[in-house]
$ cat query-v6.cif   # mmCIF, C-alpha atoms and all ligand atoms
data_coords
loop_
_atom_site.label_atom_id
_atom_site.label_comp_id
_atom_site.auth_asym_id
_atom_site.auth_seq_id
_atom_site.Cartn_x
_atom_site.Cartn_y
_atom_site.Cartn_z
CA MET A 1 133.57 107.54 181.75
CA ASP A 2 130.60 107.25 184.09
CA SER A 3 129.23 110.55 185.17
CA LEU A 4 129.75 111.28 188.83
CA ASP A 5 126.86 110.04 190.92
CA ALA A 6 127.39 110.51 194.63
CA THR A 7 124.47 108.22 195.42
CA ARG A 8 126.19 105.24 193.77
CA GLY A 9 129.21 104.54 195.91
CA ALA A 10 131.70 101.75 195.30
CA PRO A 11 135.02 100.79 196.85
CA PHE A 12 138.11 102.18 195.17
CA ASP A 13 136.16 104.29 192.71
CA GLY A 14 138.54 107.26 192.70
CA TYR A 15 138.95 106.89 188.94
CA ARG A 16 135.25 107.51 188.47
CA ARG A 17 135.22 110.49 190.86
CA ARG A 18 137.95 112.65 189.42
CA ASP A 19 135.79 115.20 187.68
CA VAL A 20 135.45 118.50 189.48
CA PRO A 21 132.40 120.47 188.36
CA PRO A 22 132.71 124.24 188.04
CA PRO A 23 131.82 126.40 191.04
CA ASP A 24 128.32 127.81 191.41
CA PRO A 25 128.02 130.46 188.66
CA GLU A 26 125.57 132.60 190.61
CA LEU A 27 127.39 132.65 193.94
CA THR A 28 130.98 132.72 192.77
CA PRO A 29 132.22 135.55 190.50
CA VAL A 30 132.50 138.93 192.22
CA GLY A 31 133.84 141.14 189.42
CA PRO A 32 131.92 144.05 187.86
CA GLY A 33 128.70 143.00 186.17
CA THR A 34 128.51 139.53 187.76
CA PRO A 35 125.42 138.57 189.79
CA CYS A 36 127.23 138.23 193.12
CA GLY A 37 129.54 141.14 192.34
CA GLU A 38 126.59 143.46 191.79
CA TYR A 39 124.98 142.17 195.00
CA LEU A 40 128.08 142.81 197.11
CA ARG A 41 128.48 146.27 195.57
CA ARG A 42 125.19 147.33 197.12
CA PHE A 43 126.73 147.41 200.62
CA TRP A 44 129.36 149.57 202.29
CA GLN A 45 132.55 147.50 202.40
CA PRO A 46 135.77 148.05 204.34
CA VAL A 47 138.69 148.66 201.99
CA ALA A 48 141.54 149.78 204.27
CA PHE A 49 142.47 150.70 207.80
CA ALA A 50 143.06 154.39 208.43
CA ARG A 51 146.39 153.38 210.00
CA ASP A 52 147.54 152.19 206.56
CA LEU A 53 146.86 155.54 204.87
CA ALA A 54 149.76 157.64 206.00
CA GLU A 55 152.28 159.39 203.72
CA THR A 56 151.62 157.27 200.67
CA PRO A 57 148.51 155.93 198.97
CA LEU A 58 147.56 152.28 199.35
CA ARG A 59 146.93 150.04 196.38
CA VAL A 60 143.97 147.73 197.03
CA ARG A 61 142.02 145.18 195.05
CA ILE A 62 138.32 145.05 195.94
CA LEU A 63 135.68 142.95 194.12
CA GLY A 64 138.04 142.41 191.21
CA GLU A 65 138.82 146.12 190.78
CA ASP A 66 142.29 147.61 191.14
CA LEU A 67 141.99 150.79 193.18
CA VAL A 68 143.97 153.20 195.28
CA ALA A 69 142.94 154.38 198.74
CA PHE A 70 144.47 157.55 200.13
CA ARG A 71 144.05 160.45 202.51
CA ASP A 72 144.77 163.88 201.12
CA ARG A 73 146.61 166.49 203.16
CA GLY A 74 143.27 168.11 203.93
CA GLY A 75 142.23 164.91 205.76
CA ARG A 76 139.73 163.59 203.18
CA THR A 77 139.76 159.89 202.38
CA GLY A 78 139.38 158.73 198.80
CA LEU A 79 139.15 155.58 196.71
CA LEU A 80 140.06 156.02 193.04
CA HIS A 81 140.55 153.73 190.08
CA LEU A 82 144.18 152.72 190.08
CA HIS A 83 145.18 153.90 186.61
CA CYS A 84 145.43 157.62 185.97
CA ALA A 85 142.92 158.97 183.46
CA HIS A 86 145.75 160.76 181.60
CA ARG A 87 147.92 157.87 180.41
CA GLY A 88 147.38 155.16 182.96
CA ALA A 89 150.23 155.44 185.46
CA SER A 90 149.36 153.80 188.72
CA LEU A 91 148.15 156.20 191.38
CA GLU A 92 149.77 154.02 194.04
CA TYR A 93 152.81 156.19 193.22
CA GLY A 94 150.76 159.36 193.58
CA ILE A 95 151.44 162.15 196.05
CA PRO A 96 148.67 163.22 198.44
CA VAL A 97 148.28 167.00 198.23
CA GLU A 98 146.16 169.49 200.16
CA ARG A 99 143.17 168.62 198.03
CA GLY A 100 143.40 165.31 196.22
CA LEU A 101 146.08 162.99 194.85
CA ARG A 102 148.74 164.07 192.34
CA CYS A 103 149.81 161.50 189.75
CA CYS A 104 153.57 160.96 189.78
CA TYR A 105 153.95 160.88 186.00
CA HIS A 106 152.75 164.29 184.73
CA GLY A 107 151.35 165.79 187.89
CA TRP A 108 147.63 165.67 187.24
CA VAL A 109 145.60 165.98 190.46
CA TYR A 110 142.35 164.23 191.28
CA ALA A 111 139.97 165.12 194.11
CA VAL A 112 138.36 162.35 196.19
CA ASP A 113 135.24 162.57 194.01
CA GLY A 114 137.34 161.99 190.85
CA ARG A 115 137.30 165.60 189.61
CA CYS A 116 140.52 166.60 187.83
CA LEU A 117 141.85 169.66 189.64
CA ASP A 118 145.13 170.28 187.85
CA THR A 119 146.85 169.42 184.55
CA PRO A 120 150.13 171.26 185.11
CA GLY A 121 151.82 170.34 181.79
CA GLU A 122 149.04 171.94 179.77
CA PRO A 123 149.24 175.56 178.59
CA PRO A 124 147.75 178.30 180.79
CA GLY A 125 144.01 178.58 180.23
CA SER A 126 143.68 174.94 179.11
CA ARG A 127 140.25 173.54 179.89
CA LEU A 128 141.25 169.91 179.35
CA GLY A 129 140.91 169.11 183.06
CA GLU A 130 137.24 170.07 183.03
CA ARG A 131 136.49 167.10 180.77
CA VAL A 132 138.54 164.57 182.72
CA TRP A 133 137.23 162.45 185.57
CA GLN A 134 139.06 159.73 187.43
CA GLY A 135 136.83 156.83 188.53
CA ALA A 136 136.02 157.40 192.24
CA TYR A 137 133.92 155.79 194.95
CA PRO A 138 132.44 157.41 198.06
CA THR A 139 134.16 156.56 201.32
CA LEU A 140 133.51 157.05 205.00
CA GLU A 141 135.66 156.50 208.03
CA PHE A 142 134.34 154.64 211.03
CA ALA A 143 136.31 153.48 214.07
CA GLY A 144 139.58 153.60 212.15
CA LEU A 145 138.26 151.62 209.20
CA ILE A 146 137.68 153.14 205.75
CA PHE A 147 134.49 151.91 204.09
CA ALA A 148 133.59 152.44 200.45
CA TYR A 149 130.49 152.02 198.35
CA LEU A 150 131.21 150.52 194.92
CA GLY A 151 127.62 150.26 193.70
CA PRO A 152 125.35 152.49 191.61
CA SER A 153 125.07 156.00 193.09
CA ASP A 154 121.27 156.01 193.22
CA ARG A 155 121.18 152.85 195.36
CA LYS A 156 123.67 153.86 198.03
CA PRO A 157 122.31 152.77 201.43
CA ALA A 158 122.85 154.53 204.74
CA PHE A 159 125.75 153.15 206.76
CA PRO A 160 124.37 150.42 209.05
CA ARG A 161 124.84 150.93 212.79
CA TYR A 162 124.88 147.70 214.76
CA ASP A 163 124.27 147.81 218.49
CA SER A 164 127.62 146.08 218.90
CA TYR A 165 129.31 149.38 217.96
CA GLU A 166 128.32 150.78 221.36
CA ILE A 167 129.09 148.60 224.37
CA ALA A 168 129.37 150.13 227.80
CA GLY A 169 132.87 149.85 229.23
CA HIS A 170 134.39 148.83 225.89
CA THR A 171 136.08 150.85 223.14
CA LEU A 172 135.64 150.02 219.47
CA ILE A 173 139.07 150.01 217.82
CA PRO A 174 140.72 148.75 214.63
CA ALA A 175 141.84 145.15 214.90
CA ALA A 176 143.33 142.59 212.51
CA LYS A 177 143.51 142.40 208.74
CA PHE A 178 144.46 139.11 207.09
CA THR A 179 144.14 137.59 203.67
CA LEU A 180 143.15 134.09 202.62
CA PRO A 181 143.89 132.62 199.17
CA CYS A 182 140.33 131.45 198.56
CA HIS A 183 136.79 132.53 197.77
CA TRP A 184 135.03 134.81 200.27
CA LEU A 185 131.93 132.63 200.69
CA GLN A 186 133.79 129.66 202.17
CA VAL A 187 135.44 132.10 204.57
CA LYS A 188 131.97 133.27 205.60
CA ASP A 189 130.43 129.77 205.66
CA ASN A 190 132.71 129.19 208.63
CA SER A 191 130.91 131.86 210.66
CA MET A 192 127.68 129.87 210.88
CA ASP A 193 129.43 126.51 211.36
CA PRO A 194 129.70 126.06 215.14
CA VAL A 195 130.50 122.34 214.96
CA HIS A 196 133.96 123.22 213.67
CA THR A 197 134.73 125.02 216.94
CA ALA A 198 134.57 121.66 218.74
CA PHE A 199 136.60 119.71 216.17
CA LEU A 200 139.00 122.05 214.38
CA HIS A 201 139.68 124.16 217.46
CA ALA A 202 139.72 121.41 220.07
CA LEU A 203 139.17 117.72 219.40
CA SER A 204 140.99 117.19 216.11
CA SER A 205 143.76 119.79 216.21
CA GLY A 206 144.43 120.30 219.91
CA TYR A 207 142.87 122.89 222.17
CA GLN A 208 143.26 126.28 220.47
CA PHE A 209 140.83 128.33 222.54
CA THR A 210 139.68 126.66 225.77
CA GLU A 211 138.91 123.09 226.77
CA ALA A 212 135.25 123.96 227.02
CA PHE A 213 135.13 124.28 223.21
CA GLY A 214 135.81 120.53 223.05
CA ALA A 215 132.28 119.74 224.25
CA VAL A 216 130.27 119.14 221.09
CA PRO A 217 127.34 121.55 221.34
CA GLU A 218 123.68 121.26 220.59
CA PHE A 219 123.03 123.63 217.68
CA ASP A 220 120.32 125.86 216.47
CA TRP A 221 120.18 128.62 213.87
CA ARG A 222 117.62 131.41 213.72
CA MET A 223 116.86 134.29 211.39
CA THR A 224 117.06 137.68 213.10
CA GLU A 225 116.21 141.23 212.09
CA ALA A 226 119.89 141.76 211.24
CA GLY A 227 120.59 138.42 209.55
CA MET A 228 120.92 135.13 211.41
CA VAL A 229 122.52 133.61 214.48
CA TYR A 230 123.88 130.29 215.54
CA ILE A 231 123.19 129.14 219.06
CA ALA A 232 125.65 126.59 220.41
CA THR A 233 124.71 125.13 223.78
CA ARG A 234 127.20 123.05 225.74
CA ARG A 235 126.58 121.13 228.96
CA LEU A 236 129.66 121.08 231.22
CA GLY A 237 128.82 119.30 234.49
CA ASP A 238 126.09 121.30 236.12
CA LEU A 239 126.86 124.33 233.97
CA VAL A 240 125.27 125.24 230.67
CA TRP A 241 127.18 127.51 228.30
CA VAL A 242 125.24 129.17 225.52
CA ARG A 243 127.25 130.88 222.80
CA VAL A 244 125.49 132.99 220.18
CA CYS A 245 127.15 134.48 217.08
CA ASP A 246 125.61 136.77 214.44
CA PHE A 247 125.91 136.85 210.68
CA MET A 248 124.79 140.05 208.95
CA PRO A 249 124.46 139.97 205.17
CA PRO A 250 126.30 140.06 202.99
CA ASN A 251 129.67 139.30 204.61
CA VAL A 252 129.79 140.42 208.24
CA HIS A 253 129.85 138.32 211.37
CA GLN A 254 130.64 138.92 214.98
CA PHE A 255 131.59 136.81 217.94
CA THR A 256 132.74 136.92 221.54
CA ARG A 257 136.30 136.50 222.74
CA GLU A 258 137.27 132.82 222.49
CA ILE A 259 138.34 132.58 226.10
CA GLU A 260 135.22 131.15 227.69
CA GLU A 261 136.23 128.46 230.20
CA ALA A 262 132.65 127.89 231.34
CA THR A 263 133.76 127.03 234.87
CA ALA A 264 131.35 129.36 236.68
CA PRO A 265 128.08 131.14 235.97
CA LYS A 266 128.44 134.52 234.32
CA PRO A 267 126.11 137.08 232.80
CA ALA A 268 125.93 137.46 229.04
CA SER A 269 128.97 139.07 227.45
CA ARG A 270 128.69 141.02 224.21
CA PRO A 271 130.50 140.84 220.86
CA VAL A 272 134.22 141.47 220.84
CA ILE A 273 135.16 140.96 217.19
CA ILE A 274 133.17 142.26 214.21
CA ARG A 275 134.62 140.89 210.98
CA TRP A 276 134.02 141.59 207.28
CA ALA A 277 135.20 139.07 204.66
CA VAL A 278 135.87 141.33 201.67
CA PRO A 279 136.57 139.66 198.33
CA ASN A 280 139.66 141.04 196.65
CA ASP A 281 138.57 138.94 193.70
CA ASP A 282 137.21 135.44 193.09
CA THR A 283 140.18 133.69 194.69
CA THR A 284 141.40 136.04 197.42
CA THR A 285 139.64 137.38 200.50
CA THR A 286 140.74 139.93 203.07
CA ASN A 287 139.18 139.91 206.51
CA PHE A 288 138.92 143.28 208.24
CA GLU A 289 138.10 143.37 211.95
CA LEU A 290 136.99 145.87 214.53
CA ALA A 291 137.28 144.91 218.19
CA GLN A 292 135.34 145.96 221.28
CA VAL A 293 138.08 146.10 223.88
CA ASP A 294 137.86 146.46 227.66
CA SER A 295 140.87 148.40 228.93
CA ALA A 296 140.99 145.99 231.90
CA TRP A 297 142.26 143.31 229.50
CA GLY A 298 145.55 145.22 229.19
CA LEU A 299 145.88 144.73 225.44
CA SER A 300 148.04 147.07 223.37
CA GLU A 301 146.97 148.33 219.92
CA ALA A 302 149.50 145.91 218.41
CA ASP A 303 147.98 143.00 220.36
CA VAL A 304 144.53 143.82 219.03
CA ALA A 305 145.82 144.28 215.46
CA ARG A 306 147.42 140.81 215.43
CA PRO A 307 145.28 138.09 213.80
CA GLY A 308 143.99 135.47 216.23
CA PHE A 309 145.64 132.05 216.46
CA GLY A 310 145.54 130.20 213.16
CA GLN A 311 143.56 132.86 211.33
CA SER A 312 146.36 133.82 208.95
CA ASP A 313 149.26 132.29 207.07
CA ASP A 314 151.72 133.13 209.84
CA ARG A 315 152.75 129.65 210.99
CA PRO A 316 155.21 127.16 209.43
CA TYR A 317 153.59 124.53 207.23
CA ALA A 318 154.78 121.69 209.48
CA GLU A 319 153.02 123.25 212.44
CA ARG A 320 149.88 124.02 210.46
CA GLN A 321 149.77 120.41 209.30
CA ARG A 322 149.90 119.09 212.84
CA HIS A 323 147.64 121.73 214.35
CA PRO A 324 145.51 123.10 211.53
CA ALA A 325 143.24 126.04 212.25
CA ASP A 326 140.78 128.29 210.41
CA PHE A 327 143.21 129.51 207.74
CA ASP A 328 144.13 125.95 206.80
CA ALA A 329 140.61 124.54 206.84
CA GLN A 330 138.99 127.38 204.93
CA SER A 331 141.66 127.90 202.28
CA SER A 332 142.01 124.16 201.68
CA GLN A 333 138.39 123.64 200.60
CA ARG A 334 139.83 124.27 197.11
CA THR A 335 140.52 127.84 196.00
CA ILE A 336 136.82 128.04 195.25
CA ALA A 337 134.77 125.45 197.16
CA VAL A 338 132.67 123.32 194.82
CA HIS A 339 129.23 123.04 196.36
CA ALA A 340 128.17 120.33 193.91
CA LEU A 341 130.69 117.94 195.50
CA GLU A 342 129.64 118.55 199.10
CA HIS A 343 127.61 116.19 201.31
CA LEU A 344 125.86 118.53 203.70
CA GLY A 345 124.55 117.20 207.01
CA SER A 346 122.28 118.49 209.73
CA ALA A 347 125.18 120.40 211.33
CA ASP A 348 125.52 122.35 208.06
CA ARG A 349 122.08 123.90 208.36
CA GLY A 350 123.61 127.29 209.19
CA VAL A 351 125.78 127.16 206.08
CA ILE A 352 122.72 126.34 203.98
CA MET A 353 120.79 129.25 205.52
CA LEU A 354 123.67 131.68 205.02
CA ARG A 355 124.05 130.74 201.36
CA ARG A 356 120.30 131.11 200.92
CA ILE A 357 120.45 134.67 202.26
CA VAL A 358 123.25 135.47 199.82
CA ARG A 359 121.51 133.80 196.88
CA ASP A 360 118.22 135.56 197.64
CA GLY A 361 120.09 138.86 197.76
CA ILE A 362 121.79 138.18 194.44
CA ARG A 363 118.44 137.39 192.85
CA ALA A 364 116.82 140.49 194.37
CA VAL A 365 119.49 142.67 192.78
CA ALA A 366 119.13 140.85 189.47
CA GLU A 367 115.41 141.64 189.59
CA GLY A 368 116.05 145.32 190.23
CA LYS A 369 115.14 145.17 193.94
CA ASP A 370 117.12 146.14 197.01
CA PRO A 371 118.70 143.16 198.81
CA TRP A 372 118.08 142.41 202.48
CA GLY A 373 120.41 144.45 204.64
CA THR A 374 120.33 147.62 202.54
CA ASP A 375 117.07 149.07 203.85
CA VAL A 376 118.99 150.87 206.58
CA GLU A 377 117.20 153.65 208.40
CA GLU A 378 119.50 156.58 209.12
CA GLY A 379 120.04 156.87 212.86
CA ARG A 380 118.42 153.55 213.78
CA THR A 381 120.48 151.00 215.67
CA ILE A 382 120.29 147.42 214.41
CA ARG A 383 119.95 144.80 217.14
CA THR A 384 122.30 141.84 217.26
CA PHE A 385 122.55 138.89 219.64
CA THR A 386 126.14 137.73 220.02
CA GLN A 387 126.92 136.65 223.59
CA ASP A 388 128.40 134.05 225.88
CA VAL A 389 126.31 133.21 228.93
CA VAL A 390 126.93 130.48 231.51
CA PHE A 391 124.41 129.36 234.07
CA ARG A 392 124.16 126.59 236.60
CA ILE A 393 121.41 124.05 236.41
CA PRO A 394 119.54 123.93 239.73
CA PRO A 395 120.43 120.94 241.91
CA ALA A 396 118.01 118.04 241.61
CA ALA A 397 116.20 118.90 244.87
CA ASP A 398 115.48 122.41 243.60
CA ALA A 399 114.41 121.05 240.25
CA GLU A 400 111.89 118.83 242.02
CA ALA A 401 110.64 121.81 244.03
CA ASP A 402 110.22 123.73 240.78
CA ARG A 403 108.18 120.92 239.34
CA ALA A 404 106.02 120.74 242.47
CA LEU A 405 105.40 124.47 242.20
CA LEU A 406 104.45 124.14 238.58
CA ARG A 407 102.06 121.30 239.41
CA ALA A 408 100.51 123.36 242.19
CA THR A 409 99.89 126.21 239.80
CA GLY A 410 98.35 123.81 237.29
CA ARG A 411 100.78 124.47 234.49
CA LYS A 412 101.95 121.76 232.17
CA VAL A 413 105.04 120.01 233.46
CA VAL A 414 107.35 118.25 231.06
CA THR A 415 109.07 115.36 232.78
CA GLY A 416 112.15 113.63 231.52
CA PRO A 417 112.37 110.00 230.56
S1 LIG B 501 149.71 159.33 183.54
FE1 LIG B 501 149.04 160.39 185.27
S2 LIG B 501 149.46 162.45 184.88
FE2 LIG B 501 150.14 161.42 183.11
FE FE B 502 137.07 128.89 213.63
#
$ encode --input "query-v6.cif" --output "structure tokens"
Amino acid sequence: MDSLDATRGAPFDGYRRRDVPPPDPELTPVGPGTPCGEYLRRFWQPVAFARDLAETPLRVRILGEDLVAFRDRGGRTGLLHLHCAHRGASLEYGIPVERGLRCCYHGWVYAVDGRCLDTPGEPPGSRLGERVWQGAYPTLEFAGLIFAYLGPSDRKPAFPRYDSYEIAGHTLIPAAKFTLPCHWLQVKDNSMDPVHTAFLHALSSGYQFTEAFGAVPEFDWRMTEAGMVYIATRRLGDLVWVRVCDFMPPNVHQFTREIEEATAPKPASRPVIIRWAVPNDDTTTTNFELAQVDSAWGLSEADVARPGFGQSDDRPYAERQRHPADFDAQSSQRTIAVHALEHLGSADRGVIMLRRIVRDGIRAVAEGKDPWGTDVEEGRTIRTFTQDVVFRIPPAADAEADRALLRATGRKVVTGP
């Protein structure tokens, strides 16, 4: 059979184009010891919402590792390897105690740092527990979200503080959690792909946010101190709407509320959703969100915790087929998108830049360096740029006056065609 050559097209050549190359070996696997897995392990990652750690522990799968998250009766949060160091029973059936988690099978107790605190079936005076450690990862709790660090202890970065965590008049609260049956990177590609907001969310699937999203924007993408942004500029009559969204490596992005009608000028708003795409493994991704909520919006906690329209697998297939949204587009790019089969255009520049950031980070870790995004200074706030702003273009008469003023002051005037 001919090898696949995308540059040599021919009608009806499906037979020749059936081969699917393997996914990118550097960007794809996330398990322990893999290039991307070791890269992602160098960052604090959300693993659970505090609201999900109540009476019982929570079994989670993060970066290909089976783990258990819990809160002991003393209020400490922990993340342990799932299988008990004694004889492997799952700690998802464990009992949180005053200090640590007690395995259901023979009652051994592990502290949040993995220390074995009790081996009750052993004779008095037994020192067996002193030699036993359960695998454990450090955790911290922030705004109702439990973060963990799964990397090497001597490379643990400070927890990054984005300026979007503090917005006057808003409260940062836990929001949605939803899982997609696909690789994390295609979930994140979407964050720097503003052209899809015009097509998927408006022109091709029906208006899912506002009609204003149906105007195909002018795009730009820029590197920032925190990562990168897309800038989508739409002209709606005499109004110009500029929407900016941030991506922060390795897997965070943030955006405004998708309710901009762009019918009147308004000052810049700030981020509302901050979202992490956390790989459960190579083929499953869980998004965790925090939301900056204004009490004037009248949203309940349950409202905020519900995934946005079309973000999760919560609609009947027939409806998703007629009105597909993010879940359908992202998870249908194959379970693991095959970059070698793509035909990237100019509107994919943000996707190319995002993947470059990730690949550079993977290579930095492979070379023994610290990847971009981990040089976090304790106490320093990281600036981000997410916003919606709408302004009116001056009427033509004013524009002419502006030009006259510029001419009078001798500055260069750029005139249109
Ligand atoms: S298997 Fe956990 S205490 Fe025995
Ligand atoms: Fe989207």
$ closest_residue --input "query-v6.cif" --among "A:Thr34, A:Thr263, A:Gln45, A:Thr224" --to "Leu140 in chain A" --atoms "all atoms listed in the file"
A:Gln45
$ residues_around --input "query-v6.cif" --residues "Asp328 in chain A" --least-positions-apart "6" --cutoff "9 Å" --atoms "all atoms listed in the file" --output "list in words"
Gly310, Gln311, Ser312, Asp313, Arg320 and Gln321 of chain A
$ axis_aligned_box --input "query-v6.cif" --around "range 34-44 of chain A" --padding-each-side "4 Å" --output "AutoDock Vina command-line options"
--center_x 127.3 --center_y 143.9 --center_z 195.0 --size_x 12.6 --size_y 19.3 --size_z 22.5
$ residues_near_ligand --input "query-v6.cif" --ligand "ligand LIG 501 (chain B)" --cutoff "8 Å" --atoms "all atoms listed in the file" --output "PyMOL selection string"
chain A and resi 83-91+102-109+119
$ closest_atom_pairs --input "query-v6.cif" --of "chain A" --to "ligand FE 502 (chain B)" --cutoff "9 Å" --atoms "all atoms listed in the file" --output "CSV"
residue,atom,partner,partner_atom,distance
A:Asn190,CA,B:FE502,FE,6.6
A:Ser191,CA,B:FE502,FE,7.5
A:Asp193,CA,B:FE502,FE,8.3
A:Pro194,CA,B:FE502,FE,8.0
A:His196,CA,B:FE502,FE,6.5
A:Thr197,CA,B:FE502,FE,5.6
A:Leu200,CA,B:FE502,FE,7.1
A:His201,CA,B:FE502,FE,6.6
A:Gly310,CA,B:FE502,FE,8.6
A:Gln311,CA,B:FE502,FE,7.9
A:Ala325,CA,B:FE502,FE,6.9
A:Asp326,CA,B:FE502,FE,4.9
A:Phe327,CA,B:FE502,FE,8.5
A:Ala329,CA,B:FE502,FE,8.8
$ closest_residue --input "query-v6.cif" --among "A:Tyr162, A:Trp221, A:Trp372, A:Phe385" --to "Arg270 in chain A" --atoms "all atoms listed in the file"
A:Phe385
$ closest_residue --input "query-v6.cif" --among "A:Gly114, A:Gly298, A:Gly14, A:Pro271" --to "Gly135 in chain A" --atoms "all atoms listed in the file"
A:Gly114
$ residues_around --input "query-v6.cif" --residues "range 354-358 of chain A" --least-positions-apart "2" --cutoff "12 Å" --atoms "only C-alpha atoms" --output "ChimeraX atom specification"
/A:24,26-28,35-40,184-193,221-224,226-230,246-253,339,348-352,360-365,371-373
$ residues_near_point --input "query-v6.cif" --point "(118.4, 156.8, 205.2)" --cutoff "12 Å" --atoms "only C-alpha atoms" --output "PyMOL selection string"
chain A and resi 155-161+374-380
$ closest_atom_pairs --input "query-v6.cif" --of "range 92-211 of chain A" --to "range 49-66 of chain A" --cutoff "9 Å" --atoms "all atoms listed in the file" --output "CSV"
residue,atom,partner,partner_atom,distance
A:Glu92,CA,A:Arg59,CA,5.4
A:Tyr93,CA,A:Pro57,CA,7.2
A:Gly94,CA,A:Pro57,CA,6.8
A:Ile95,CA,A:Thr56,CA,6.7
A:Pro96,CA,A:Thr56,CA,7.0
A:Leu101,CA,A:Pro57,CA,8.5
A:Glu141,CA,A:Ala50,CA,7.7
A:Ala143,CA,A:Ala50,CA,8.8
A:Gly144,CA,A:Ala50,CA,5.2
A:Leu145,CA,A:Phe49,CA,4.5
A:Ile146,CA,A:Phe49,CA,5.8
A:Phe147,CA,A:Phe49,CA,8.9
A:Leu150,CA,A:Leu63,CA,8.8
A:Pro174,CA,A:Phe49,CA,7.3
A:Lys177,CA,A:Phe49,CA,8.4
$ residues_near_point --input "query-v6.cif" --point "(129.9, 147.2, 230.4)" --cutoff "9 Å" --atoms "all atoms listed in the file" --output "list in words"
Ile167, Ala168, Gly169, His170, Ser269, Arg270 and Asp294 of chain A
$ atom_distance --input "query-v6.cif" --atom1 "CA of Arg383 in chain A" --atom2 "CA of Tyr165 in chain A"
10.5 Å
$ build_atoms --input "query-v6.cif" --residues "range 75-87 of chain A" --atoms "N, CA, C and O atoms" --output "compact mmCIF listing (two decimals), in the frame of the given file"
# COMPACT_ATOMS: atom_id res chain seq x y z
N GLY A 75 142.88 165.87 204.87
CA GLY A 75 142.23 164.91 205.76
C GLY A 75 141.12 164.09 205.13
O GLY A 75 140.55 163.22 205.77
N ARG A 76 140.81 164.35 203.83
CA ARG A 76 139.73 163.59 203.18
C ARG A 76 140.24 162.22 202.75
O ARG A 76 141.36 162.12 202.26
N THR A 77 139.38 161.20 202.89
CA THR A 77 139.76 159.89 202.38
C THR A 77 139.15 159.71 201.00
O THR A 77 138.06 160.23 200.71
N GLY A 78 139.85 158.96 200.16
CA GLY A 78 139.38 158.73 198.80
C GLY A 78 139.68 157.32 198.34
O GLY A 78 140.57 156.64 198.89
N LEU A 79 138.91 156.88 197.35
CA LEU A 79 139.15 155.58 196.71
C LEU A 79 138.96 155.79 195.21
O LEU A 79 137.84 156.04 194.74
N LEU A 80 140.07 155.73 194.48
CA LEU A 80 140.06 156.02 193.04
C LEU A 80 140.44 154.78 192.26
O LEU A 80 141.15 153.89 192.77
N HIS A 81 140.03 154.74 190.99
CA HIS A 81 140.55 153.73 190.08
C HIS A 81 142.06 153.86 190.05
O HIS A 81 142.60 154.97 190.14
N LEU A 82 142.72 152.72 189.92
CA LEU A 82 144.18 152.72 190.08
C LEU A 82 144.89 153.50 188.98
O LEU A 82 145.86 154.22 189.24
N HIS A 83 144.42 153.36 187.74
CA HIS A 83 145.18 153.90 186.61
C HIS A 83 144.72 155.31 186.25
O HIS A 83 143.54 155.55 185.98
N CYS A 84 145.68 156.20 186.22
CA CYS A 84 145.43 157.62 185.97
C CYS A 84 144.70 157.82 184.64
O CYS A 84 145.02 157.19 183.62
N ALA A 85 143.73 158.72 184.66
CA ALA A 85 142.92 158.97 183.46
C ALA A 85 143.75 159.62 182.35
O ALA A 85 143.32 159.63 181.20
N HIS A 86 144.92 160.16 182.66
CA HIS A 86 145.75 160.76 181.60
C HIS A 86 146.33 159.66 180.73
O HIS A 86 145.86 159.42 179.62
N ARG A 87 147.33 158.92 181.23
CA ARG A 87 147.92 157.87 180.41
C ARG A 87 148.18 156.61 181.21
O ARG A 87 149.02 155.79 180.85
